[in-house]
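Note: the block below is data-v6.tsv and it holds TSV, C-alpha atoms and all ligand atoms.
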chain	number	residue	atom	x	y	z
A	228	MET	CA	-49.63	-37.32	71.79
A	229	SER	CA	-46.38	-35.44	72.33
A	230	GLU	CA	-42.88	-36.34	71.27
A	231	PRO	CA	-41.07	-37.08	74.57
A	232	ILE	CA	-37.80	-35.35	75.36
A	233	ILE	CA	-35.48	-35.06	78.35
A	234	LEU	CA	-32.90	-32.37	79.09
A	235	VAL	CA	-30.44	-32.55	82.01
A	236	HIS	CA	-27.67	-30.42	83.49
A	237	GLY	CA	-24.71	-31.33	85.67
A	238	GLY	CA	-23.75	-27.96	87.08
A	239	ALA	CA	-22.61	-24.57	85.81
A	240	TRP	CA	-19.10	-23.51	86.84
A	241	ALA	CA	-15.51	-23.37	85.60
A	242	ILE	CA	-15.31	-27.10	84.86
A	243	PRO	CA	-11.58	-27.79	84.36
A	244	ASP	CA	-10.44	-29.28	81.05
A	245	ASP	CA	-9.51	-32.58	82.67
A	246	ALA	CA	-13.00	-32.96	84.19
A	247	CYS	CA	-15.01	-32.18	81.05
A	248	GLN	CA	-15.17	-35.75	79.81
A	249	ALA	CA	-16.50	-37.09	83.13
A	250	HIS	CA	-19.11	-34.34	83.24
A	251	GLN	CA	-20.24	-34.90	79.68
A	252	GLN	CA	-20.41	-38.68	80.09
A	253	GLY	CA	-22.29	-38.23	83.36
A	254	VAL	CA	-25.00	-36.04	81.87
A	255	GLU	CA	-25.28	-38.33	78.83
A	256	MET	CA	-25.88	-41.34	81.10
A	257	ALA	CA	-28.52	-39.40	83.00
A	258	ALA	CA	-30.29	-38.31	79.81
A	259	ASP	CA	-30.20	-41.93	78.62
A	260	ALA	CA	-31.79	-43.14	81.87
A	261	GLY	CA	-34.55	-40.55	81.63
A	262	TRP	CA	-35.05	-41.28	77.98
A	263	HIS	CA	-35.36	-45.05	78.50
A	264	ALA	CA	-38.11	-44.37	81.06
A	265	LEU	CA	-39.94	-42.06	78.64
A	266	ALA	CA	-39.54	-44.53	75.76
A	267	LYS	CA	-41.25	-47.20	77.87
A	268	GLY	CA	-44.18	-44.87	78.42
A	269	ALA	CA	-43.22	-43.54	81.85
A	270	SER	CA	-44.34	-40.11	82.99
A	271	SER	CA	-42.10	-37.06	82.81
A	272	LEU	CA	-42.05	-37.17	86.62
A	273	GLN	CA	-40.59	-40.68	86.58
A	274	ALA	CA	-38.10	-39.68	83.88
A	275	VAL	CA	-36.67	-36.73	85.81
A	276	GLU	CA	-36.44	-38.86	88.95
A	277	GLU	CA	-34.48	-41.54	87.08
A	278	ALA	CA	-32.18	-39.02	85.41
A	279	VAL	CA	-31.40	-37.15	88.62
A	280	ALA	CA	-30.85	-40.39	90.56
A	281	VAL	CA	-28.16	-41.33	88.00
A	282	LEU	CA	-26.48	-37.96	88.54
A	283	GLU	CA	-26.69	-38.36	92.34
A	284	ASP	CA	-25.03	-41.77	92.02
A	285	ASN	CA	-22.18	-40.29	89.98
A	286	ASP	CA	-19.28	-39.06	92.16
A	287	THR	CA	-18.50	-36.36	89.61
A	288	PHE	CA	-21.30	-34.06	90.69
A	289	ASP	CA	-22.22	-32.05	93.78
A	290	SER	CA	-25.21	-34.22	94.63
A	291	GLY	CA	-25.61	-37.52	96.43
A	292	ARG	CA	-22.28	-39.28	97.01
A	293	GLY	CA	-19.35	-37.01	96.26
A	294	ALA	CA	-21.12	-33.78	97.23
A	295	PHE	CA	-19.36	-30.91	98.97
A	296	LEU	CA	-18.88	-31.14	102.72
A	297	ASN	CA	-20.42	-28.58	105.04
A	298	ARG	CA	-18.59	-26.79	107.84
A	299	ASP	CA	-19.01	-29.85	110.07
A	300	GLY	CA	-17.36	-32.06	107.44
A	301	ARG	CA	-20.64	-33.79	106.59
A	302	VAL	CA	-22.61	-34.17	103.38
A	303	GLN	CA	-25.99	-32.41	103.69
A	304	LEU	CA	-28.28	-32.72	100.68
A	305	ASP	CA	-31.34	-30.94	99.24
A	306	ALA	CA	-33.68	-32.01	96.39
A	307	LEU	CA	-37.01	-31.09	94.82
A	308	ILE	CA	-39.24	-32.75	92.23
A	309	MET	CA	-42.32	-31.15	90.66
A	310	ASP	CA	-45.10	-32.31	88.36
A	311	GLY	CA	-46.28	-29.72	85.84
A	312	ALA	CA	-49.62	-31.48	85.25
A	313	THR	CA	-50.82	-31.25	88.86
A	314	LEU	CA	-48.40	-28.75	90.45
A	315	LYS	CA	-47.67	-31.41	93.04
A	316	ALA	CA	-44.19	-31.09	94.49
A	317	GLY	CA	-42.00	-32.93	96.97
A	318	GLY	CA	-38.86	-31.61	98.60
A	319	VAL	CA	-36.27	-32.61	101.17
A	320	GLY	CA	-33.65	-30.39	102.76
A	321	CYS	CA	-30.59	-30.94	104.95
A	322	VAL	CA	-30.74	-34.73	104.68
A	323	GLU	CA	-27.61	-36.63	105.63
A	324	ARG	CA	-28.59	-40.30	105.43
A	325	LEU	CA	-30.23	-40.64	102.01
A	326	ARG	CA	-28.28	-41.89	99.02
A	327	ASN	CA	-30.81	-40.47	96.56
A	328	PRO	CA	-32.63	-37.43	97.92
A	329	VAL	CA	-34.61	-37.11	94.68
A	330	ARG	CA	-36.28	-40.48	95.41
A	331	ALA	CA	-37.24	-39.27	98.88
A	332	ALA	CA	-38.59	-36.07	97.31
A	333	ARG	CA	-40.71	-38.20	94.97
A	334	VAL	CA	-42.11	-40.14	97.93
A	335	VAL	CA	-42.99	-36.85	99.62
A	336	LEU	CA	-44.80	-35.78	96.43
A	337	GLU	CA	-46.70	-39.07	96.17
A	338	LYS	CA	-47.42	-39.99	99.77
A	339	SER	CA	-47.60	-36.88	101.91
A	340	PRO	CA	-50.16	-34.10	102.29
A	341	HIS	CA	-47.12	-31.92	103.00
A	342	ILE	CA	-44.65	-30.67	100.42
A	343	TYR	CA	-41.35	-30.26	102.20
A	344	PHE	CA	-39.50	-32.17	104.90
A	345	VAL	CA	-36.12	-31.37	106.46
A	346	ALA	CA	-33.35	-33.16	108.32
A	347	GLU	CA	-34.30	-36.08	110.62
A	348	GLY	CA	-38.00	-35.66	109.84
A	349	ALA	CA	-37.31	-36.08	106.14
A	350	GLU	CA	-35.15	-39.13	106.79
A	351	ARG	CA	-37.78	-40.65	109.05
A	352	PHE	CA	-40.49	-40.07	106.44
A	353	ALA	CA	-38.33	-41.65	103.74
A	354	SER	CA	-37.50	-44.64	105.93
A	355	GLU	CA	-41.17	-45.16	106.81
A	356	HIS	CA	-41.82	-45.37	103.07
A	357	GLY	CA	-39.20	-47.99	102.35
A	358	ILE	CA	-36.12	-45.92	101.53
A	359	PRO	CA	-33.06	-47.29	103.37
A	360	LEU	CA	-31.04	-44.92	105.54
A	361	ILE	CA	-27.26	-44.98	105.23
A	362	ASP	CA	-24.38	-43.62	107.26
A	363	ASN	CA	-23.26	-40.14	106.20
A	364	SER	CA	-19.72	-41.47	105.71
A	365	GLU	CA	-20.98	-43.47	102.69
A	366	LEU	CA	-21.59	-40.15	100.91
A	367	VAL	CA	-18.16	-38.69	101.73
A	368	LEU	CA	-15.30	-39.01	99.23
A	369	PRO	CA	-11.60	-38.58	100.17
A	370	ARG	CA	-11.46	-36.02	97.35
A	371	GLU	CA	-14.04	-33.92	99.18
A	372	VAL	CA	-12.28	-34.26	102.54
A	373	GLU	CA	-9.14	-32.83	100.88
A	374	ARG	CA	-11.11	-30.02	99.29
A	375	TRP	CA	-12.82	-29.24	102.58
A	376	LYS	CA	-9.51	-29.16	104.50
A	377	ASN	CA	-8.06	-26.76	101.93
A	378	ALA	CA	-11.14	-24.60	102.19
A	379	ALA	CA	-10.94	-24.51	105.97
A	380	GLU	CA	-7.26	-23.56	105.81
A	381	GLN	CA	-8.11	-20.68	103.52
A	382	ARG	CA	-11.09	-19.74	105.69
A	383	TYR	CA	-13.33	-20.16	102.69
A	384	LEU	CA	-16.99	-19.48	103.50
A	385	SER	CA	-19.08	-20.23	100.44
A	386	VAL	CA	-18.44	-17.02	98.59
A	387	PRO	CA	-19.74	-16.49	95.09
A	388	ALA	CA	-16.26	-16.85	93.61
A	389	GLU	CA	-16.75	-20.59	94.03
A	390	PHE	CA	-19.22	-20.55	91.19
A	391	ALA	CA	-17.65	-17.77	89.20
A	392	GLY	CA	-14.04	-18.95	89.08
A	393	GLY	CA	-12.50	-17.82	85.84
A	394	LEU	CA	-15.13	-15.28	84.88
A	395	ALA	CA	-13.49	-12.31	83.25
A	396	GLU	CA	-16.07	-9.80	84.35
A	397	LEU	CA	-15.63	-10.49	88.05
A	398	GLU	CA	-13.19	-8.27	89.85
A	399	ALA	CA	-10.26	-10.19	91.25
A	400	ASP	CA	-10.58	-10.52	95.02
A	401	ASP	CA	-7.45	-11.70	96.76
A	402	GLN	CA	-9.54	-12.66	99.79
A	403	SER	CA	-11.81	-14.96	97.74
A	404	PRO	CA	-9.97	-18.11	96.70
A	405	GLN	CA	-10.90	-19.46	93.28
A	406	PHE	CA	-11.84	-22.93	94.39
A	407	ASP	CA	-12.54	-25.76	92.06
A	408	SER	CA	-16.26	-26.24	92.29
A	409	HIS	CA	-18.79	-28.75	91.19
A	410	ASP	CA	-22.43	-28.09	91.34
A	411	THR	CA	-26.07	-28.99	91.44
A	412	VAL	CA	-27.74	-31.35	88.98
A	413	GLY	CA	-31.20	-31.32	87.43
A	414	ALA	CA	-33.55	-32.51	84.72
A	415	VAL	CA	-36.69	-31.43	82.87
A	416	ALA	CA	-38.79	-33.75	80.74
A	417	LEU	CA	-41.88	-33.95	78.52
A	418	ASP	CA	-43.78	-37.24	78.24
A	419	ALA	CA	-46.03	-38.69	75.55
A	420	LYS	CA	-49.14	-37.40	77.33
A	421	GLY	CA	-47.86	-33.84	77.02
A	422	ASN	CA	-46.97	-33.37	80.69
A	423	ILE	CA	-43.76	-31.73	81.87
A	424	ALA	CA	-41.81	-32.18	85.12
A	425	ALA	CA	-38.60	-30.97	86.74
A	426	ALA	CA	-36.19	-32.13	89.45
A	427	THR	CA	-33.08	-30.59	91.03
A	428	SER	CA	-30.64	-32.07	93.56
A	429	THR	CA	-27.57	-30.65	95.30
A	430	GLY	CA	-25.02	-30.84	98.07
A	431	GLY	CA	-25.09	-27.06	98.16
A	432	THR	CA	-22.03	-24.88	98.60
A	433	LEU	CA	-18.61	-25.91	99.87
A	434	ASN	CA	-18.16	-25.46	103.63
A	435	LYS	CA	-21.72	-24.18	104.00
A	436	ALA	CA	-23.11	-23.58	107.46
A	437	PRO	CA	-24.94	-26.68	108.72
A	438	GLY	CA	-28.65	-26.17	108.10
A	439	ARG	CA	-28.13	-23.81	105.16
A	440	VAL	CA	-30.60	-24.53	102.36
A	441	GLY	CA	-29.99	-23.10	98.89
A	442	ASP	CA	-32.22	-22.55	95.91
A	443	SER	CA	-32.24	-26.09	94.52
A	444	SER	CA	-34.92	-27.66	96.69
A	445	LEU	CA	-37.12	-24.59	97.12
A	446	ILE	CA	-40.18	-24.47	94.89
A	447	GLY	CA	-39.79	-21.83	92.22
A	448	CYS	CA	-36.20	-20.98	93.15
A	449	GLY	CA	-34.09	-23.88	91.84
A	450	CYS	CA	-36.86	-25.98	90.29
A	451	TYR	CA	-40.34	-25.45	88.91
A	452	ALA	CA	-42.81	-27.13	86.56
A	453	ASP	CA	-46.20	-26.00	85.30
A	454	ASN	CA	-47.85	-27.34	82.15
A	455	GLU	CA	-49.16	-23.82	81.53
A	456	SER	CA	-45.67	-22.33	81.33
A	457	ALA	CA	-42.51	-24.46	81.48
A	458	ALA	CA	-40.29	-26.78	83.49
A	459	ALA	CA	-37.07	-25.27	84.84
A	460	SER	CA	-34.02	-26.45	86.78
A	461	THR	CA	-31.21	-24.15	87.85
A	462	THR	CA	-27.60	-24.47	88.96
A	463	GLY	CA	-25.19	-22.01	90.48
A	464	TRP	CA	-24.93	-19.65	93.40
A	465	GLY	CA	-28.20	-20.23	95.23
A	466	GLU	CA	-28.77	-17.11	97.30
A	467	PRO	CA	-29.40	-14.68	94.40
A	468	MET	CA	-31.66	-17.25	92.74
A	469	MET	CA	-33.71	-17.54	95.91
A	470	LYS	CA	-34.17	-13.78	96.15
A	471	LEU	CA	-35.48	-13.69	92.57
A	472	VAL	CA	-37.57	-16.90	92.80
A	473	PHE	CA	-35.59	-17.54	89.70
A	474	ALA	CA	-36.92	-20.82	88.25
A	475	LYS	CA	-40.52	-19.57	88.38
A	476	TRP	CA	-39.51	-16.15	87.07
A	477	ALA	CA	-38.04	-17.89	84.04
A	478	ALA	CA	-40.85	-20.42	83.56
A	479	ASP	CA	-43.50	-17.71	83.71
A	480	ARG	CA	-41.89	-15.91	80.78
A	481	VAL	CA	-42.27	-18.87	78.43
A	482	SER	CA	-45.26	-18.50	76.08
A	483	PRO	CA	-46.16	-19.47	72.52
A	484	ASP	CA	-44.35	-16.33	71.35
A	485	MET	CA	-41.46	-16.55	73.81
A	486	PRO	CA	-39.73	-19.94	73.43
A	487	PRO	CA	-37.41	-21.34	76.11
A	488	GLU	CA	-34.52	-20.78	73.71
A	489	LEU	CA	-34.97	-17.01	74.15
A	490	VAL	CA	-36.16	-17.00	77.75
A	491	ALA	CA	-33.16	-18.94	79.11
A	492	PRO	CA	-30.48	-16.37	78.13
A	493	ALA	CA	-32.78	-13.49	79.08
A	494	SER	CA	-33.21	-15.07	82.53
A	495	ILE	CA	-29.49	-15.42	83.10
A	496	GLU	CA	-29.01	-11.82	81.99
A	497	TYR	CA	-31.67	-10.78	84.54
A	498	LEU	CA	-29.99	-12.83	87.31
A	499	HIS	CA	-26.69	-11.12	86.63
A	500	ARG	CA	-28.10	-7.63	86.17
A	501	ARG	CA	-30.19	-7.67	89.34
A	502	LEU	CA	-27.88	-9.42	91.79
A	503	ASN	CA	-24.62	-10.23	90.04
A	504	GLY	CA	-25.80	-13.84	90.14
A	505	HIS	CA	-23.95	-16.62	88.39
A	506	GLY	CA	-25.16	-19.99	87.24
A	507	GLY	CA	-27.20	-21.74	84.62
A	508	ILE	CA	-30.73	-22.82	83.73
A	509	ILE	CA	-32.45	-25.44	81.59
A	510	LEU	CA	-36.01	-24.87	80.38
A	511	LEU	CA	-38.58	-26.98	78.51
A	512	ASP	CA	-42.20	-26.36	77.53
A	513	ARG	CA	-45.10	-28.64	76.54
A	514	ARG	CA	-44.33	-28.16	72.87
A	515	GLY	CA	-40.96	-29.82	73.45
A	516	ARG	CA	-39.05	-26.58	72.94
A	517	ILE	CA	-35.86	-26.39	75.00
A	518	GLY	CA	-33.64	-23.57	76.21
A	519	MET	CA	-30.34	-23.44	78.06
A	520	ALA	CA	-28.06	-20.66	79.23
A	521	HIS	CA	-25.26	-20.02	81.73
A	522	ASN	CA	-22.90	-17.17	82.56
A	523	THR	CA	-20.26	-19.42	84.06
A	524	PRO	CA	-17.41	-20.61	81.84
A	525	ARG	CA	-19.02	-24.03	81.42
A	526	MET	CA	-22.23	-26.00	82.13
A	527	ALA	CA	-22.61	-29.74	81.55
A	528	TRP	CA	-25.81	-30.54	79.62
A	529	ALA	CA	-27.41	-33.30	77.58
A	530	TRP	CA	-30.75	-33.86	75.88
A	531	ARG	CA	-32.32	-36.76	74.13
A	532	ASN	CA	-35.45	-37.47	72.13
A	533	ASN	CA	-36.47	-40.23	69.74
A	534	ALA	CA	-34.37	-38.90	66.89
A	535	GLN	CA	-31.32	-37.26	68.44
A	536	HIS	CA	-29.08	-36.98	71.46
A	537	LYS	CA	-26.73	-34.08	72.09
A	538	SER	CA	-24.47	-33.03	74.95
A	539	GLY	CA	-21.72	-30.60	75.84
A	540	VAL	CA	-19.95	-28.65	78.56
A	541	ARG	CA	-20.76	-25.21	77.20
A	542	TYR	CA	-23.94	-23.83	75.61
A	543	PRO	CA	-24.01	-22.85	72.87
A	544	GLY	CA	-20.95	-24.95	72.09
B	601	LIG	N1	-27.41	-24.06	93.72
B	601	LIG	C1	-26.97	-24.80	94.81
B	601	LIG	C2	-26.98	-24.09	96.07
B	601	LIG	O1	-26.71	-22.91	96.13
B	601	LIG	O2	-27.25	-24.72	97.05
With the file now loaded, output its structure as structure tokens.
Ligand code: GLY
Amino acid sequence: MSEPIILVHGGAWAIPDDACQAHQQGVEMAADAGWHALAKGASSLQAVEEAVAVLEDNDTFDSGRGAFLNRDGRVQLDALIMDGATLKAGGVGCVERLRNPVRAARVVLEKSPHIYFVAEGAERFASEHGIPLIDNSELVLPREVERWKNAAEQRYLSVPAEFAGGLAELEADDQSPQFDSHDTVGAVALDAKGNIAAATSTGGTLNKAPGRVGDSSLIGCGCYADNESAAASTTGWGEPMMKLVFAKWAADRVSPDMPPELVAPASIEYLHRRLNGHGGIILLDRRGRIGMAHNTPRMAWAWRNNAQHKSGVRYPG
């Protein structure tokens, strides 16, 4: 028997002071939801689904309702869920009519011989398996319409500065507006049977080209889980993470002698050194050891086990 634990993130970026409370409360609620599932004996897979669904339902984050708008002014969502015990995975990309893409991803994992569905095909598959389809306008917030209009006026095209706003080491670029950003969410969990799982969900980058898919929903890039290594979920500028197959790169480095606590910062250092990447990662292994790191000014995180719950908007605090 293992001691269950869940760890979640709510995006790595320059979270403004006045948004910190909402982010911290949001990740705490998600960790609570995942924890309650684990405490009732649910699998780690179920726990990460529940935690990420809570984050998708929270307008604060760039996932589900309240996500960034793409260049067409529509919300287009990606999500992945993966089971470390079986290496089964389910992913959806470019979906516009699902309130909780992570639940559709779970259905793909459970019910399909395939692993990944996109756009109308993903929505049709979800609908055929009992998930209601909604109008895209139900996912769009007035706040995001304003943000999107400002971005269009400034001809903003999803540049890395979106994720890096406020970072001292970045050279100032007058052509790259320092937009307020909010980002991807994710969770990793360990259940009582000793199995780990991971899930990641996102609206992607502000004003992205329709059809653009980032790291979050791609196996091994923004999400990965393998009982033999670790469970990982990432947040941040997706393109560098995709090139490095970043979540799997990090998970593969976890071993009895290399705990997630050391691997997480080493992974972020690697991301930055190789491709000037910016973002964050959460990691968990079967021993219940956790690791977190980010090279953005802030990252919302929370974890919970039977004895403790902790959260913050920077790690280490
Ligand atoms: N990490 C989110 C994205 O780039 O889509």
Exercise. Mind listing the residues within 9 Å of ligand LIG 601 (chain B), only C-alpha atoms and all ligand atoms counted, as an MDAnalysis selection string?
Worked result: chainID A and resid 238 289 304:305 410:412 428:432 435 439:444 449 461:469 506
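Take the candidates A:Tyr542, A:Phe473, A:Met309, A:Gly504 and check each one against Glu488 (chain A) using all atoms listed in the file; the shortest distance goes to A:Tyr542.
Using all atoms listed in the file, the contacts of region 494-501 of chain A at a cut-off of 7 Å, with sequence neighbours closer than 3 positions omitted, comprise Ala477, Val490, Ala491, Gly504, His505, Gly507, Ala520, His521 and Asn522 of chain A.
Shortest atom-to-atom contact with Arg330 (chain A) among A:Asn532, A:Gln381, A:Ser456, A:Gln273: A:Gln273, counting only C-alpha atoms.
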For this session: Excluding Cys247 (chain A) and residues on its chain fewer than 3 positions from it, collect all residues at most 12 Å away from it, counting all atoms listed in the file, and give them as a list of chain:residue names.
Result: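 Listed by chain and then number, they are A:Gly237, A:Gly238, A:Ala239, A:Trp240, A:Ala241, A:Ile242, A:Pro243, A:Asp244, A:His250, A:Gln251, A:Gln252, A:Gly253, A:Val254, A:Thr287, A:Phe288, A:His409, A:Pro524, A:Arg525, A:Met526, A:Ala527, A:Trp528, A:Ser538, A:Gly539, A:Val540, A:Arg541.
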Problem set entry | Polymer residues at most 10 Å from region 263-270 of chain A, only C-alpha atoms, same-chain spacing of 3 or more positions, as a PyMOL selection string | chain A and resi 230-233+257-260+273-278+310+416-424+531-533
For this session: Just give me the gap between CA of Val329 (chain A) and CA of Glu350 (chain A) in Å, one decimal is fine.
Result: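 One can read the CA of Val329 (chain A) to CA of Glu350 (chain A) distance as 12.3 Å.
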Problem set entry | Glu337 (chain A) surroundings by all atoms listed in the file, 12 Å radius, close-in-sequence under 6 positions cut, as a ChimeraX atom specification | /A:272-273,308-310,313-318,330-331,343,353,356
Problem set entry | For CA of Gly291 (chain A) and CA of Gly515 (chain A), the interatomic separation in Å (one decimal) |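 Between CA of Gly291 (chain A) and CA of Gly515 (chain A) the gap is 28.7 Å.
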For this session: Around the point (-31.7, -31.7, 84.1) in the file's coordinates, collect all residues with an atom within 6 Å, using only C-alpha atoms, and return them as a ChimeraX atom specification.
Result: /A:234-236,413-415
For this session: Find the spatial neighbours of Gly300 (chain A), counting only C-alpha atoms, within a cut-off of 9 Å - ignore same-chain residues fewer than 6 positions away - and output them as a ChimeraX atom specification.
Result: /A:367,372,375-376,434
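Here CA of Gly293 (chain A) and CA of Phe344 (chain A) stand 22.5 Å from one another.
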For this session: May I have the residues at most 10 Å from (-26.5, -43.3, 101.1) in the file's coordinates, counting all atoms listed in the file, as a PyMOL selection string?
Result: chain A and resi 284+291-292+323-328+358-367
Just the selected residues (C-alpha atoms), exported as a tab-separated table (two decimals), keeping the file's coordinate frame, please.
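Output below, filename part_26.tsv:
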chain	number	residue	atom	x	y	z
A	284	ASP	CA	-25.03	-41.77	92.02
A	291	GLY	CA	-25.61	-37.52	96.43
A	292	ARG	CA	-22.28	-39.28	97.01
A	323	GLU	CA	-27.61	-36.63	105.63
A	324	ARG	CA	-28.59	-40.30	105.43
A	325	LEU	CA	-30.23	-40.64	102.01
A	326	ARG	CA	-28.28	-41.89	99.02
A	327	ASN	CA	-30.81	-40.47	96.56
A	328	PRO	CA	-32.63	-37.43	97.92
A	358	ILE	CA	-36.12	-45.92	101.53
A	359	PRO	CA	-33.06	-47.29	103.37
A	360	LEU	CA	-31.04	-44.92	105.54
A	361	ILE	CA	-27.26	-44.98	105.23
A	362	ASP	CA	-24.38	-43.62	107.26
A	363	ASN	CA	-23.26	-40.14	106.20
A	364	SER	CA	-19.72	-41.47	105.71
A	365	GLU	CA	-20.98	-43.47	102.69
A	366	LEU	CA	-21.59	-40.15	100.91
A	367	VAL	CA	-18.16	-38.69	101.73
Problem set entry | Distance criterion (only C-alpha atoms): nearest to Ile446 (chain A) out of A:Leu307, A:Ala249, A:Pro543, A:Val279 | A:Leu307
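Nearest to Glu347 (chain A) of all the residues A:Thr523, A:Gln303, A:Ser290, A:Ser482 is A:Gln303, counting only C-alpha atoms.
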Problem set entry | Residue nearest Met228 (chain A) - candidates A:Lys475, A:His341, A:Arg514, A:Arg301, atoms counted: all atoms listed in the file | A:Arg514
For this session: Choose the residue, out of A:Gly518, A:Leu502, A:Lys470, A:Ala425, that has the smallest atom-to-atom separation from Leu489 (chain A); count all atoms listed in the file.
Result: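 Of A:Gly518, A:Leu502, A:Lys470, A:Ala425, the one nearest Leu489 (chain A), counting all atoms listed in the file, is A:Gly518.
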Incomplete region 421-436 of chain A filled out to N, CA and C atoms as a PDB file, in the frame of the given file:
ATOM      1  N   GLY A 421     -47.942 -35.304  77.105  1.00  0.00           N
ATOM      2  CA  GLY A 421     -47.860 -33.840  77.020  1.00  0.00           C
ATOM      3  C   GLY A 421     -47.654 -33.172  78.369  1.00  0.00           C
ATOM      4  N   ASN A 422     -47.229 -33.946  79.363  1.00  0.00           N
ATOM      5  CA  ASN A 422     -46.970 -33.370  80.690  1.00  0.00           C
ATOM      6  C   ASN A 422     -45.480 -33.138  80.894  1.00  0.00           C
ATOM      7  N   ILE A 423     -45.162 -32.036  81.589  1.00  0.00           N
ATOM      8  CA  ILE A 423     -43.760 -31.730  81.870  1.00  0.00           C
ATOM      9  C   ILE A 423     -43.496 -31.846  83.368  1.00  0.00           C
ATOM     10  N   ALA A 424     -42.223 -32.058  83.719  1.00  0.00           N
ATOM     11  CA  ALA A 424     -41.810 -32.180  85.120  1.00  0.00           C
ATOM     12  C   ALA A 424     -40.381 -31.701  85.245  1.00  0.00           C
ATOM     13  N   ALA A 425     -39.965 -31.423  86.485  1.00  0.00           N
ATOM     14  CA  ALA A 425     -38.600 -30.970  86.740  1.00  0.00           C
ATOM     15  C   ALA A 425     -38.114 -31.543  88.066  1.00  0.00           C
ATOM     16  N   ALA A 426     -36.800 -31.722  88.177  1.00  0.00           N
ATOM     17  CA  ALA A 426     -36.190 -32.130  89.450  1.00  0.00           C
ATOM     18  C   ALA A 426     -34.797 -31.516  89.545  1.00  0.00           C
ATOM     19  N   THR A 427     -34.400 -31.180  90.776  1.00  0.00           N
ATOM     20  CA  THR A 427     -33.080 -30.590  91.030  1.00  0.00           C
ATOM     21  C   THR A 427     -32.550 -31.188  92.327  1.00  0.00           C
ATOM     22  N   SER A 428     -31.238 -31.448  92.372  1.00  0.00           N
ATOM     23  CA  SER A 428     -30.640 -32.070  93.560  1.00  0.00           C
ATOM     24  C   SER A 428     -29.246 -31.501  93.766  1.00  0.00           C
ATOM     25  N   THR A 429     -28.862 -31.296  95.042  1.00  0.00           N
ATOM     26  CA  THR A 429     -27.570 -30.650  95.300  1.00  0.00           C
ATOM     27  C   THR A 429     -27.003 -31.004  96.667  1.00  0.00           C
ATOM     28  N   GLY A 430     -25.690 -30.842  96.768  1.00  0.00           N
ATOM     29  CA  GLY A 430     -25.020 -30.840  98.070  1.00  0.00           C
ATOM     30  C   GLY A 430     -24.785 -29.431  98.554  1.00  0.00           C
ATOM     31  N   GLY A 431     -25.233 -28.455  97.762  1.00  0.00           N
ATOM     32  CA  GLY A 431     -25.090 -27.060  98.160  1.00  0.00           C
ATOM     33  C   GLY A 431     -23.661 -26.566  97.999  1.00  0.00           C
ATOM     34  N   THR A 432     -23.324 -25.545  98.759  1.00  0.00           N
ATOM     35  CA  THR A 432     -22.030 -24.880  98.600  1.00  0.00           C
ATOM     36  C   THR A 432     -20.985 -25.470  99.535  1.00  0.00           C
ATOM     37  N   LEU A 433     -19.736 -25.389  99.096  1.00  0.00           N
ATOM     38  CA  LEU A 433     -18.610 -25.910  99.870  1.00  0.00           C
ATOM     39  C   LEU A 433     -18.514 -25.192 101.216  1.00  0.00           C
ATOM     40  N   ASN A 434     -18.375 -26.003 102.281  1.00  0.00           N
ATOM     41  CA  ASN A 434     -18.160 -25.460 103.630  1.00  0.00           C
ATOM     42  C   ASN A 434     -19.345 -24.624 104.122  1.00  0.00           C
ATOM     43  N   LYS A 435     -20.522 -24.943 103.600  1.00  0.00           N
ATOM     44  CA  LYS A 435     -21.720 -24.180 104.000  1.00  0.00           C
ATOM     45  C   LYS A 435     -22.005 -24.382 105.481  1.00  0.00           C
ATOM     46  N   ALA A 436     -22.701 -23.436 106.064  1.00  0.00           N
ATOM     47  CA  ALA A 436     -23.110 -23.580 107.460  1.00  0.00           C
ATOM     48  C   ALA A 436     -24.107 -24.726 107.562  1.00  0.00           C
TER      49      ALA A 436
END
